[in-house]
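Take a look at the structure below.
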Amino acid sequence: MAELSLTGIAKSFEDTRVLEGISFDVHDAEFVSILGPSGSGKSTIFNLIGGLYQPDEGDIKLDGESIAGKRGSISYMPQSPSLFPWRTLLDNVMLGSEIVGQQDREASLQMIEKAGLGGYENAYPHQLSGGMKQRAAFIRSLLSPQPLICLDEPFSALDEFTRLEMQKWLLSLWSEYKRSVLFVTHNIEEALFLSDRVMVLSDRPARVKKEFKIPFERPRDESLLLTEEFLEWKKAIYNELRMIT
Amino acid sequence: MAELSLTGIAKSFEDTRVLEGISFDVHDAEFVSILGPSGSGKSTIFNLIGGLYQPDEGDIKLDGESIAGKRGSISYMPQSPSLFPWRTLLDNVMLGSEIVGQQDREASLQMIEKAGLGGYENAYPHQLSGGMKQRAAFIRSLLSPQPLICLDEPFSALDEFTRLEMQKWLLSLWSEYKRSVLFVTHNIEEALFLSDRVMVLSDRPARVKKEFKIPFERPRDESLLLTEEFLEWKKAIYNELRMIT
Amino acid sequence: SSDEQTNSQNGDASKELKDITLVLDWTPNTNHTGLYVAQEQGYFEEQGLDVEIIMPSETGSNQLVASGKADFGISYQESLTKARIQDIPVVSIAAIIQHNTSGFASPKNRNITSPKDFEGKTYGGWGDPVEKEMISTLMKKDGGDINKVDIINMGNTDFFTATERGDIDFAWVYYGWTGVEAELRGKDLNMIYLTDYSKKLDYYTPILTANEKKIKEDPETVKAFVKAVSQGYQYAIDQPEKAADILIEAVPDLDPELVKASQKWLSPKYQDDADQWGVQKKSVWKNYADWMHENDLLDQELNAEDAFTNEFLPNKE
Amino acid sequence: MRNIVQKGWRPLLVIILLFVIWEVATRVFEIPAWLIPSPSQVVDEGISGWSVYEHHLYSTILLTLIGFIIGTSFGILVAICLHLIPTVRNMFYPLIIFSQNIPIIVLAPLLVIWFGFGMLPKLIVITLVCFFPIAVSTLDGLRQTSTELMHYMKMAGASNGQIFWKLEWPHALPSLFSGLKISATYSVMGAVISEWLGAKEGIGVYMTLASSSFRTDRVFVSIFVIMALSLTFFLLITALEKWFIRWKSKGVENSG
Amino acid sequence: MRNIVQKGWRPLLVIILLFVIWEVATRVFEIPAWLIPSPSQVVDEGISGWSVYEHHLYSTILLTLIGFIIGTSFGILVAICLHLIPTVRNMFYPLIIFSQNIPIIVLAPLLVIWFGFGMLPKLIVITLVCFFPIAVSTLDGLRQTSTELMHYMKMAGASNGQIFWKLEWPHALPSLFSGLKISATYSVMGAVISEWLGAKEGIGVYMTLASSSFRTDRVFVSIFVIMALSLTFFLLITALEKWFIRWKSKGVENSG
Ligand SMILES: Nc1ncnc2c1ncn2[C@@H]1O[C@H](COP(=O)(O)OP(=O)(O)OP(=O)(O)O)[C@@H](O)[C@H]1O
Ligand SMILES: Nc1ncnc2c1ncn2[C@@H]1O[C@H](COP(=O)(O)OP(=O)(O)OP(=O)(O)O)[C@@H](O)[C@H]1O
Ligand SMILES: [Mg+2]
Ligand SMILES: [Mg+2]
C-alpha cells in the first residue's frame, strides 16, 4: 500500500518562492509523471517528499500519515547519479536495500545483468560512462523495498534504445510488484508511455498547471508509440507545455 | 579554421577494447553529431580529442597538426556539468575563457540571461537545478574561444522547450561565428535538426557504423521537425541504431 | 653485565627486601658514585633495601620526594631552601660533598683570574636571578662592577661549545665534571671558586633528601638507607678507581675516561675536612639562606634548623 | 558573533564545572599549593602577578607570530613546489617526512651550538614545529581534487599553473586550514621550547624560574597563559577559515 | 614495492649527497667531533654501540606503540562522538581545542609528581601528543562529506549510524590518515619526552646520558634512531592508507 497525497505545498529558497500551492495524489499502484520546465521545482518536490526539506506550507501524507520532514519512506533515484566513489558498482547498487537491511546479492547481480551492466560489477563509478552510472542509480532505487518509488529523470542520459529497454523493464516490474511510482521527466513520450496520469507544472513559482489522465490500456507495448492516439496526446501535452514557457 | 580528422583510433581500458579503428573528419565550420548506444565510447572519443588520454593506435589531427595527447585545443562541455562548487554561476561560466585569458564579463552576463539563468549569477552550483547546471556548463563551453567545440550531451537534462530554445540559440551562434562543432547526443531528432552529418557508432568495441549526410537547408526552423522528410530521416537512423542494439 | 651482578646478589632474598625509589638530581655522574657502589656492592641489600635509581624530570627531585612518589632524592642546598620556603616538606639528611666545588670557569685565553676581570666579559647562564647576585657578590668583594658584565641565557648549552663559539667568556660549572672534562680535552681553564671569596657561599651541593613524613614515621628505613649510602661513599673515598669502575659498569652510557678522571679528583672532596661523611652544619644552611634573603632571592627567612638533620648518619665507631 | 554567544554557554558551563570540582577537591583533600594549587590561587597570582609576566608575554607573542608566519609560509610553499614539480616531489617528499622525524627538542640545543643565541635558532625551532602539519595537510589537500573537475581543467587546456590556482588551491583550502589550526597551536609551544634554549624574556623563561622556585601557582599561570594564547590563535585561524571558505558555510546552511 | 625501488633512488641520492657534503665539511674545516661529529663517526658509533642502545630502542618502541594506539583510538573515538552527538560537540569541541593548547612539556613534570614513575604519566603524555592531530583531522574529514551523497543517504532514510558508517566514515578516511601520519611521527617524540620524565630505559634516557657525557656522536646516533623509528612508523601508516583507500589509487592510475 502506498497512497501519497500532497496538499497545498509551498516552498521558498531565500525569498524566491519555488513551489506554490502544490496539491496532488498518487494512488496505490499508480504511475504518475511530472512534467515541467527546467528549474521549475520538480526535484524540490522530491526532496520534500523524501523529507530532506520541510515544506513552508502544506502537508505531505503517505497512507494517511504525515511524512513532511520524515525520511526513508520512499525509494529514491536522484537526478545526478550520486554513486559512492569508493564502492564498486555492485556495492553501490545494493546500498539502498542495505540501508533498509535487506540485501539480496543474487537479485542485485541479476538486475545489473538486465540493465546491460554485466561484467562491470566490480568497476568503480569513475570507470563507468554517464549512462551506465545513471542505470546503476536506477537499479539502486529499484532494489530499495519501499512501496513508493520516486525517480528523478532516470533515463535522461540514455540512448533511445537502452531507454526503451529500461522503460519496458520498469513497466514490467511495476505491473508485477504494484509499487506506486512518481516519475520526473522532460520527455513527453516517456511520460505518456509509462504513466496513468501526467501532471504538468507551471514555471516558477510552480503550481500544478494541468493534469492528464492517460487512457491507454495496459500492458503497453512499443507499438503504442506509433499510434495516432498517442501522437494526439503528445500534441495536447506539448501545447500545454508550450503555453507555460 | 578548424579541421579535425581522426584516423584509425583505438583505445582500451584494462584489456577491454572500447574504440576500434575510428576514423572521421570534421570540416571547417561543420556541425557533426555522434550517435551511439550508452557505454559505446562517445565520451571516450571526446577525451581523446581533448588530449586527456593518448590513443592506443591512430592519430588525431587538428588543422593538419597532431593533437593526440595535446590539451587545450578544443572548447569542451563534459557530460556531467563539472561546475566548481566554490565558484558562483558567473565565475563558473567564465572559467573556460579565463583559462585562455580572454574574460568578457559583459558577454558572460548576456549569455546567462539568454540561457534563462538571469538572477542566478551569484548562486553557487548546489543552489541550481540539474538543468540549470547543465546550461551553465553549456555557456561555459560557448564562452571558450577555441574554433572547435565538443559538446557531450549538452541538453539531456532539459525539458523539450528549453532544449529547443538552446538548440536554436546554438545554431544561430554557430552560423554567426562559424565554429566547428562535434556533438554527442542520444536524441535522433536533435542530431538531425542540428547537424550537417550524423555518425552512428556501433556497440563495444565502437566503430563508425554509418555516416549520414543531412541535406536540410539552413537556416533551419522549428517547422522542419514536422516535415515528412524529417520523419523519414529519423526512421532511417532509428533503424540503423536498432540494428546495433 | 650489571644485570648479572644485581641478579646474583639479590638472588632469592629479594622477597623480604623493602622497595625504595631514589631520584637523582641530574644524569648519573661521579656525585652519585657512592649510591651506585652501595647498590652494586650489596650495601643496600644488607640493610634490607631494594633500591631503584631513577633519573629526574625537569623539575628535579624535591617535589617527587615531598609527594612520596620517591622515597629519597638528590638535591642541592639552594633548591631545597627555596622548596622549604614554599612549604615543601623535604629535609636534607646528608651532604654528599662537604664543600662547594662549583665556580666560574673560563678558558685561559680569556684572562679571567679574579672576579674583577668579569668586567667587559659575557657570562652564560640558565636565566636564574641567583646567578647575577652571585657574580655581583663576588665582584663587590673584588671591587668590580656587575653592570659591566653581559649576562645571557644559554639554556642547556654546554660550556665548551659556548666558549668555543665565542658566545660567552665564562660560566658557572662544577669542576668535578666540566673542569675534569676540560683537563681530558687538554683545555686550560681558569677557575674562580665561590668558596675562595665568601664563606657564606659555601653551600652543600649535592645533598641527600627525604620527606618529613618519612623521617617521622619510618626512621629505621631512613637510617638503614643513609648507612648503606655512607658505606658506599666511604668505599668511593677509599678506592676511587674501583668505585669509578662500578659506576661505569652500572651506567655504561657514560664516558669511562671522564668518569675515571672525575672520580680521582672528587673522591677526596666527599668528606674533606669533616669528621665523617655527610655531616652538615647549621651555619652553612643559615649563611646561604641569609645571603639569598639579603639579595631578594628569598621572600622569607629560612628556619635553618628544620632544613637538615644529622641524626641518621651512622654512629662513628 | 551571536553564534559564539549562543553556543558558548555549554562549554563554558563544562569548564566552570571543572574549575569548581578542582577548587572543592583541593580544599576538601587539603592538597598543598606546591602540589596542585587551587584555581582561586592561580587566578589570584595571574592577576596580581600580571606586571611580573607582562613583558614575558609580549615577547612570546612576538616570537610566536614571526615563527608561525615563517614556518607556515615555508610549509605551504614547499607543499606547492613539491606538488607542482613531480621531480622535486620524488626527490624531496621523503625528506620532508624525514624533517618531521627530527626530534626538535633533541635538536634544539644543537641548533644553539651551531647558530648562537640570537633569533635564528629559535625561529628554526618554531619553523620546524609548524612546518610539518601544514606541509602534509596542504599536500594531501592538493592531491585529493575531484577527478571530474580535474578532467575538465585538463581538457580545457588549463596550464599547470591554472589547474593549480583555479582548482587545486581552492580545493586544498579546507585541508590547508586544518593544518594551519594544528600549526597555530603548536607554534606557541614551539616558541616556549625555543625560549628554553636561552632567552632573556618570554613565558618559557618565566615558567622555568617559577618552576625552579617551586611556585607551582606560577607554573599554572604560565600553563593557562600558553593555553589562552594558542586558543586565541586557533580562533583567529578559524575565523579566517570561515571567511575564505564561505561558499561551504553557505552550502551547509541551505542543506538544513 | 617496485614503485618504491623505482622512485627511491632520487631521495636516496639527495640524502647521500647531504652526507657527503657533511663528511667533507667536517674534515676540511676540522670541526671537532664534540661540536659536530662526521657522519662516519656517527655511523661507527651507531654500529659498534648497538649493544649499548639496543634495549633502549626496544623500550621506546614498545612505549610508542602502546601510546600511539591508545592516543589515536581515543582521538578517533572522541572525534566520532563529537560528530555524531551535536550536544556533546557543542559542549566539548572547544575543550578539545583547549586540550591541545595544554603545553605538554610544561605539564609533563607535574604529571610525574602527581602520578609517579609508572606507565601512566608517560601514556598520558603520548596520548595528549597524538590526540589532537587525529581528532581534528577526523572531525574535519567527517564534516566535509559531499552534499550530493549526503542528500541521497538522507532521502533513502539512512539512520545516523548508517550515514556515518557508509558515507561519512569512508569519506573521512583520507583525512583520518593525514592525521594518523602526523600522530605517528609525533608519538615517537612523545615517547622520548615521556622518557625524560624519569625512566630507566629508552632512547630518551640514552640521549640524556650521551649529552651529559659530552658524547655528541651518541646524541646524533639517538637523533638518527628516533628519525628512523618515526619514519618506519610513518611508512607503515602510508602502506595502511594505500590499502584502505585503494579505490582512490585505482582512480589515479586510470586517469593517466
Ligand atoms: N577511466 C576508465 N577506466 C575504465 N573504463 C572506462 C574508463 N572510462 C570509460 N571506460 C569504459 O569505456 C566505455 C565507454 O565509456 P564512455 O564514457 O566513452 O561511453 P559513452 O558512449 O559516453 O556512454 P554514455 O552515453 O552512457 O555516456 C564504458 O564501457 C566504460 O566503462
Ligand atoms: N538548496 C537550494 N538553495 C537555493 N535554491 C535552490 C536550492 N535547491 C533548488 N533551488 C532552486 O529551486 C528551483 C527549483 O529547483 P529544482 O532542482 O527543483 O528544479 P527542477 O524542476 O528539478 O529542474 P531541472 O529539470 O532543471 O532539474 C531552482 O530555481 C533552484 O535554483
Ligand atoms: Mg531536477
Ligand atoms: Mg558519455
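Chain labels A, B, ... are given in the sequence in which chains occur in the C-alpha cells; within each chain residues are numbered consecutively from 1, and ligands are likewise numbered from 1 in the order shown.
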>> Using only C-alpha atoms and all ligand atoms, which residues have at least one atom no more than 6 Å from ligand 2? Output them as an MDAnalysis selection string.
In response: (chainID A and resid 13 18 38:44) or (chainID B and resid 126:132 158) or (chainID D and resid 254)
Hey, can you spit out that residue selection with C-alpha atoms as a short mmCIF file (atom, residue, chain, number, x, y, z; two decimals), in the first residue's frame?
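And here is the file that came out, result13.cif:
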```cif
data_model
loop_
_atom_site.label_atom_id
_atom_site.label_comp_id
_atom_site.auth_asym_id
_atom_site.auth_seq_id
_atom_site.Cartn_x
_atom_site.Cartn_y
_atom_site.Cartn_z
CA PHE A 13 14.65 29.33 -1.02
CA VAL A 18 9.79 27.90 -5.85
CA SER A 38 13.80 23.15 -16.15
CA GLY A 39 14.22 24.81 -12.78
CA SER A 40 10.51 24.78 -12.01
CA GLY A 41 10.85 22.72 -8.87
CA LYS A 42 10.43 19.07 -9.78
CA SER A 43 13.45 17.89 -7.84
CA THR A 44 12.42 20.11 -4.97
CA HIS B 126 24.36 23.44 -5.20
CA GLN B 127 21.64 26.07 -5.39
CA LEU B 128 20.86 25.25 -9.02
CA SER B 129 18.59 22.62 -10.53
CA GLY B 130 20.04 19.84 -12.70
CA GLY B 131 19.03 21.54 -15.93
CA MET B 132 20.37 24.88 -14.75
CA LEU B 158 16.42 19.94 -20.27
CA ASN D 254 20.90 25.53 2.96
#
```
Fit chain B to chain A, using all C-alpha atoms paired in sequence order for the least-squares superposition, and then show me the result as a short mmCIF file (atom, residue, chain, number, x, y, z; two decimals) with C-alpha atoms, in the first residue's frame.
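So the final result, stored in out_33.cif, reads:
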```cif
data_model
loop_
_atom_site.label_atom_id
_atom_site.label_comp_id
_atom_site.auth_asym_id
_atom_site.auth_seq_id
_atom_site.Cartn_x
_atom_site.Cartn_y
_atom_site.Cartn_z
CA MET B 1 -0.03 0.00 0.00
CA ALA B 2 1.27 3.43 -0.86
CA GLU B 3 -1.10 6.37 -1.10
CA LEU B 4 0.72 9.65 -1.39
CA SER B 5 -1.06 12.97 -1.08
CA LEU B 6 0.35 16.48 -1.17
CA THR B 7 -1.89 19.35 -0.08
CA GLY B 8 -1.07 23.02 -0.55
CA ILE B 9 2.69 22.61 -0.51
CA ALA B 10 4.72 25.83 -0.73
CA LYS B 11 8.50 26.19 -0.53
CA SER B 12 10.88 29.13 -0.86
CA PHE B 13 14.64 29.32 -1.07
CA GLU B 14 15.98 32.62 0.21
CA ASP B 15 12.94 34.72 -0.67
CA THR B 16 12.38 33.13 -4.08
CA ARG B 17 9.21 31.13 -4.01
CA VAL B 18 9.79 27.90 -5.89
CA LEU B 19 6.60 25.96 -5.16
CA GLU B 20 3.19 27.45 -4.52
CA GLY B 21 0.06 25.55 -3.53
CA ILE B 22 1.08 22.19 -4.96
CA SER B 23 -1.58 19.55 -4.35
CA PHE B 24 -1.83 16.12 -5.91
CA ASP B 25 -2.25 12.46 -5.05
CA VAL B 26 -0.55 9.28 -6.12
CA HIS B 27 -2.85 6.36 -5.55
CA ASP B 28 -1.81 2.89 -4.66
CA ALA B 29 -0.06 1.10 -7.50
CA GLU B 30 -0.41 4.16 -9.68
CA PHE B 31 2.22 5.51 -12.08
CA VAL B 32 2.27 9.33 -12.07
CA SER B 33 4.65 11.55 -14.05
CA ILE B 34 5.59 15.15 -13.51
CA LEU B 35 6.47 17.32 -16.47
CA GLY B 36 7.69 20.88 -16.18
CA PRO B 37 10.22 23.39 -17.39
CA SER B 38 13.81 23.17 -16.19
CA GLY B 39 14.23 24.83 -12.83
CA SER B 40 10.53 24.80 -12.06
CA GLY B 41 10.84 22.75 -8.89
CA LYS B 42 10.41 19.09 -9.79
CA SER B 43 13.44 17.90 -7.88
CA THR B 44 12.39 20.12 -5.01
CA ILE B 45 9.06 18.27 -4.79
CA PHE B 46 11.01 15.03 -4.49
CA ASN B 47 13.22 16.48 -1.83
CA LEU B 48 10.14 17.49 0.12
CA ILE B 49 8.51 14.07 -0.20
CA GLY B 50 11.79 12.47 0.79
CA GLY B 51 11.88 14.63 3.91
CA LEU B 52 15.12 16.40 3.05
CA TYR B 53 13.43 19.77 3.44
CA GLN B 54 10.38 20.83 5.39
CA PRO B 55 7.61 22.42 3.31
CA ASP B 56 6.93 26.05 4.26
CA GLU B 57 3.21 25.40 3.97
CA GLY B 58 0.97 22.41 3.44
CA ASP B 59 1.32 18.76 4.33
CA ILE B 60 2.56 15.54 2.76
CA LYS B 61 0.81 12.30 3.67
CA LEU B 62 1.74 8.72 2.93
CA ASP B 63 -1.05 6.25 3.70
CA GLY B 64 -2.70 8.90 5.85
CA GLU B 65 0.35 9.66 7.95
CA SER B 66 2.20 12.93 7.60
CA ILE B 67 5.72 12.36 6.28
CA ALA B 68 6.73 16.00 5.97
CA GLY B 69 10.32 16.09 7.18
CA LYS B 70 10.31 12.31 7.71
CA ARG B 71 12.94 10.37 5.83
CA GLY B 72 13.21 6.89 4.47
CA SER B 73 9.62 6.36 3.37
CA ILE B 74 10.42 6.33 -0.35
CA SER B 75 12.90 4.63 -2.59
CA TYR B 76 14.59 7.36 -4.47
CA MET B 77 16.73 7.96 -7.50
CA PRO B 78 18.30 11.41 -7.57
CA GLN B 79 18.80 13.39 -10.73
CA SER B 80 22.58 13.12 -10.54
CA PRO B 81 23.65 9.51 -10.13
CA SER B 82 25.26 10.14 -6.71
CA LEU B 83 27.25 6.93 -6.69
CA PHE B 84 29.77 6.44 -3.90
CA PRO B 85 33.26 6.66 -5.38
CA TRP B 86 34.71 4.11 -2.98
CA ARG B 87 32.12 1.44 -3.72
CA THR B 88 32.09 -0.90 -6.67
CA LEU B 89 29.05 -0.92 -8.93
CA LEU B 90 27.65 -3.94 -7.11
CA ASP B 91 28.09 -2.36 -3.70
CA ASN B 92 26.61 0.89 -4.91
CA VAL B 93 23.59 -0.85 -6.32
CA MET B 94 22.96 -2.68 -3.07
CA LEU B 95 23.24 0.45 -0.96
CA GLY B 96 19.53 1.36 -0.97
CA SER B 97 18.49 -2.07 0.24
CA GLU B 98 21.47 -2.25 2.59
CA ILE B 99 20.14 0.82 4.37
CA VAL B 100 16.84 -0.90 4.97
CA GLY B 101 18.66 -4.05 5.94
CA GLN B 102 17.50 -6.34 3.14
CA GLN B 103 20.39 -7.06 0.87
CA ASP B 104 19.96 -9.56 -1.87
CA ARG B 105 23.17 -10.14 -3.75
CA GLU B 106 21.64 -12.52 -6.21
CA ALA B 107 18.82 -10.19 -7.18
CA SER B 108 21.31 -7.32 -7.47
CA LEU B 109 23.54 -9.27 -9.82
CA GLN B 110 20.53 -10.20 -11.94
CA MET B 111 19.41 -6.60 -12.12
CA ILE B 112 22.88 -5.48 -13.14
CA GLU B 113 22.89 -8.08 -15.89
CA LYS B 114 19.46 -7.00 -17.03
CA ALA B 115 20.48 -3.32 -17.17
CA GLY B 116 23.29 -4.23 -19.54
CA LEU B 117 25.98 -3.66 -16.97
CA GLY B 118 27.06 -7.30 -16.72
CA GLY B 119 30.82 -7.55 -16.37
CA TYR B 120 31.06 -4.20 -14.60
CA GLU B 121 30.09 -5.46 -11.13
CA ASN B 122 33.49 -4.64 -9.71
CA ALA B 123 34.10 -1.39 -11.58
CA TYR B 124 34.29 1.84 -9.62
CA PRO B 125 32.02 4.74 -10.66
CA HIS B 126 34.79 6.69 -12.39
CA GLN B 127 35.25 3.73 -14.72
CA LEU B 128 31.66 3.92 -15.96
CA SER B 129 30.11 6.01 -18.72
CA GLY B 130 27.45 8.62 -17.90
CA GLY B 131 24.60 6.37 -18.97
CA MET B 132 26.02 3.43 -17.06
CA LYS B 133 26.14 5.48 -13.86
CA GLN B 134 22.55 6.50 -14.38
CA ARG B 135 21.47 2.91 -14.85
CA ALA B 136 23.32 1.96 -11.69
CA ALA B 137 21.46 4.63 -9.75
CA PHE B 138 18.22 3.37 -11.27
CA ILE B 139 18.85 -0.20 -10.19
CA ARG B 140 19.77 1.03 -6.73
CA SER B 141 16.34 2.62 -6.35
CA LEU B 142 14.58 -0.44 -7.73
CA LEU B 143 16.31 -2.62 -5.16
CA SER B 144 15.09 -0.47 -2.28
CA PRO B 145 11.98 -2.07 -0.88
CA GLN B 146 9.76 0.96 -0.10
CA PRO B 147 6.33 0.81 -1.80
CA LEU B 148 6.68 4.34 -3.30
CA ILE B 149 9.43 4.89 -5.85
CA CYS B 150 10.45 8.42 -6.82
CA LEU B 151 12.53 8.62 -10.00
CA ASP B 152 14.09 11.94 -11.00
CA GLU B 153 14.81 11.88 -14.74
CA PRO B 154 16.14 8.34 -14.60
CA PHE B 155 16.75 7.86 -18.31
CA SER B 156 17.95 11.27 -19.43
CA ALA B 157 21.47 10.08 -20.22
CA LEU B 158 20.44 7.00 -22.20
CA ASP B 159 20.21 6.45 -25.92
CA GLU B 160 16.78 5.76 -27.34
CA PHE B 161 17.10 2.02 -27.33
CA THR B 162 18.59 1.52 -23.96
CA ARG B 163 15.99 3.95 -22.71
CA LEU B 164 13.13 1.95 -24.24
CA GLU B 165 14.65 -1.19 -22.82
CA MET B 166 14.69 0.36 -19.38
CA GLN B 167 11.19 1.74 -19.71
CA LYS B 168 9.77 -1.63 -20.65
CA TRP B 169 11.64 -3.23 -17.84
CA LEU B 170 10.33 -0.65 -15.39
CA LEU B 171 6.78 -1.25 -16.58
CA SER B 172 7.09 -4.99 -16.22
CA LEU B 173 8.50 -4.67 -12.73
CA TRP B 174 5.80 -2.19 -11.84
CA SER B 175 2.96 -4.40 -13.04
CA GLU B 176 4.48 -7.34 -11.24
CA TYR B 177 5.09 -5.75 -7.85
CA LYS B 178 2.45 -2.99 -7.96
CA ARG B 179 4.49 -0.31 -6.34
CA SER B 180 3.44 3.33 -6.70
CA VAL B 181 5.75 5.36 -8.92
CA LEU B 182 6.31 9.10 -9.06
CA PHE B 183 8.35 9.93 -12.12
CA VAL B 184 10.01 13.18 -13.17
CA THR B 185 10.90 13.56 -16.83
CA HIS B 186 11.09 16.16 -19.53
CA ASN B 187 10.31 13.73 -22.27
CA ILE B 188 6.60 13.83 -23.15
CA GLU B 189 6.63 10.49 -24.96
CA GLU B 190 8.21 8.84 -21.97
CA ALA B 191 5.60 10.30 -19.62
CA LEU B 192 2.78 9.18 -21.91
CA PHE B 193 4.16 5.72 -22.50
CA LEU B 194 4.62 4.98 -18.82
CA SER B 195 2.01 6.85 -16.80
CA ASP B 196 -1.54 6.57 -15.58
CA ARG B 197 -1.56 10.29 -15.05
CA VAL B 198 0.69 13.15 -16.13
CA MET B 199 1.00 16.34 -14.11
CA VAL B 200 2.23 19.48 -15.80
CA LEU B 201 3.91 22.09 -13.64
CA SER B 202 3.96 25.78 -14.44
CA ASP B 203 7.10 27.92 -14.37
CA ARG B 204 8.36 29.47 -11.11
CA PRO B 205 6.61 29.60 -8.71
CA ALA B 206 5.46 26.15 -9.76
CA ARG B 207 1.82 25.10 -9.48
CA VAL B 208 0.09 22.07 -10.91
CA LYS B 209 -1.02 23.61 -14.16
CA LYS B 210 -2.94 20.70 -15.59
CA GLU B 211 -3.47 17.02 -15.00
CA PHE B 212 -3.90 14.47 -17.78
CA LYS B 213 -5.40 11.07 -17.23
CA ILE B 214 -3.82 8.71 -19.76
CA PRO B 215 -6.31 6.13 -20.99
CA PHE B 216 -4.04 3.68 -22.81
CA GLU B 217 -4.61 0.11 -21.90
CA ARG B 218 -2.02 -1.96 -20.13
CA PRO B 219 0.14 -3.83 -20.68
CA ARG B 220 1.53 -1.28 -23.10
CA ASP B 221 3.74 -2.10 -26.01
CA GLU B 222 6.30 -0.31 -28.14
CA SER B 223 3.77 -0.22 -30.95
CA LEU B 224 1.72 2.20 -28.89
CA LEU B 225 4.30 4.87 -29.60
CA LEU B 226 3.33 4.89 -33.27
CA THR B 227 -0.44 5.03 -32.91
CA GLU B 228 -2.48 8.03 -33.95
CA GLU B 229 -3.98 8.42 -30.48
CA PHE B 230 -0.56 8.58 -28.88
CA LEU B 231 0.53 11.33 -31.22
CA GLU B 232 -2.60 13.33 -30.43
CA TRP B 233 -2.02 13.06 -26.72
CA LYS B 234 1.53 14.07 -27.25
CA LYS B 235 0.42 17.16 -29.16
CA ALA B 236 -2.04 18.10 -26.41
CA ILE B 237 0.59 17.97 -23.67
CA TYR B 238 3.08 19.65 -25.94
CA ASN B 239 0.73 22.56 -26.39
CA GLU B 240 0.04 22.75 -22.70
CA LEU B 241 3.76 22.98 -22.00
CA ARG B 242 4.30 25.48 -24.78
CA MET B 243 1.87 27.86 -23.12
CA ILE B 244 3.98 27.80 -19.96
CA THR B 245 7.32 28.65 -21.48
#
```
>> Using only C-alpha atoms, which protein or nucleic acid residues come within 12 Å of His293 in chain C? Drop anything in the same chain fewer than 2 positions from it, and give the result as a PyMOL selection string.
In response: chain C and resi 78+81-82+85+130+133+286-291+295-302
> Using the chain letters and numbers from this document, which residues of range 93-156 of chain A does DSSP assign to strand (DSSP E or B), as a count of residues only?
Replying inline: 5
Tell me, as a PDB file with C-alpha atoms, in the first residue's frame, which residues lie within 8 Å of Ile97 in chain E, counting only C-alpha atoms; anything in the same chain fewer than 4 positions away does not count.
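As written to disk, result15.pdb reads:
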```
ATOM      1  CA  LEU D 231      43.423  29.323  21.791  1.00  0.00           C
TER       2      LEU D 231
ATOM      3  CA  TYR E  93      34.659  20.817  20.899  1.00  0.00           C
ATOM      4  CA  ASN E 101      46.770  24.052  23.961  1.00  0.00           C
ATOM      5  CA  PHE E 132      44.870  16.426  18.730  1.00  0.00           C
TER       6      PHE E 132
END
```
What's the 12 Å shell around Arg89 in chain E, counting only C-alpha atoms, without same-chain residues fewer than 3 positions away, as a compact mmCIF listing (two decimals) with N, CA and C atoms, in the first residue's frame?
```txt
# COMPACT_ATOMS: atom_id res chain seq x y z
N LYS D 7 26.21 29.48 21.36
CA LYS D 7 26.75 28.15 21.58
C LYS D 7 27.75 28.10 22.73
N GLY D 8 28.24 29.30 23.08
CA GLY D 8 29.36 29.34 24.01
C GLY D 8 29.02 28.91 25.42
N ARG D 10 27.49 26.36 26.73
CA ARG D 10 27.65 24.97 27.14
C ARG D 10 29.10 24.65 27.53
N PRO D 11 30.06 24.88 26.62
CA PRO D 11 31.43 24.57 27.01
C PRO D 11 31.86 25.39 28.23
N VAL E 78 36.79 10.09 20.14
CA VAL E 78 36.25 11.38 20.56
C VAL E 78 35.71 12.14 19.36
N ALA E 79 36.47 12.10 18.24
CA ALA E 79 36.01 12.80 17.03
C ALA E 79 34.65 12.25 16.61
N ILE E 80 34.52 10.93 16.63
CA ILE E 80 33.26 10.32 16.22
C ILE E 80 32.11 10.74 17.15
N CYS E 81 32.38 10.66 18.44
CA CYS E 81 31.34 11.05 19.39
C CYS E 81 30.91 12.49 19.15
N LEU E 82 31.90 13.36 19.03
CA LEU E 82 31.59 14.77 18.85
C LEU E 82 30.79 14.96 17.58
N HIS E 83 31.17 14.20 16.54
CA HIS E 83 30.48 14.38 15.26
C HIS E 83 29.04 13.90 15.35
N LEU E 84 28.86 12.77 16.00
CA LEU E 84 27.54 12.15 16.00
C LEU E 84 26.56 12.82 16.95
N ILE E 85 27.06 13.34 18.06
CA ILE E 85 26.15 13.90 19.06
C ILE E 85 26.37 15.39 19.16
N PRO E 86 25.53 16.15 18.46
CA PRO E 86 25.74 17.60 18.38
C PRO E 86 25.81 18.27 19.75
N PHE E 92 31.87 20.06 24.06
CA PHE E 92 33.26 19.66 24.24
C PHE E 92 34.22 20.09 23.13
N TYR E 93 33.72 20.48 21.97
CA TYR E 93 34.66 20.82 20.90
C TYR E 93 35.65 21.89 21.34
N PRO E 94 35.14 22.97 21.96
CA PRO E 94 36.11 23.98 22.41
C PRO E 94 37.10 23.39 23.43
N LEU E 95 36.65 22.41 24.20
CA LEU E 95 37.55 21.83 25.20
C LEU E 95 38.64 21.00 24.54
N ILE E 96 38.30 20.35 23.44
CA ILE E 96 39.30 19.57 22.70
C ILE E 96 40.41 20.50 22.25
N ILE E 97 39.97 21.64 21.71
CA ILE E 97 40.95 22.61 21.25
C ILE E 97 41.79 23.05 22.44
N LEU E 139 37.61 14.91 12.57
CA LEU E 139 36.42 15.76 12.61
C LEU E 139 36.24 16.53 11.32
```
>> Using only C-alpha atoms and a cut-off of 8 Å, which residues of chain D sit close to chain E? Please list them as a PyMOL selection string.
In response: chain D and resi 7-8+10-12+14-15+35+90-95+97-98+100-103+106-107+113+132-133+136-137+140+147+178+182+185-186+189+223-224+226-228+230-231+255
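In this model, the gap between CA of Leu62 in chain D and CA of Asn147 in chain C comes to 27.6 Å.
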>> When you look at Tyr233 in chain C with a cut-off of 9 Å (counting only C-alpha atoms), what residues show up, excluding the ones that are within fewer than 4 positions of it in the same chain? I need them as a VMD selection string.
In response: chain C and resid 32 to 35 37 to 38 96 228 to 229 237 to 238 243 267 270 to 271 277
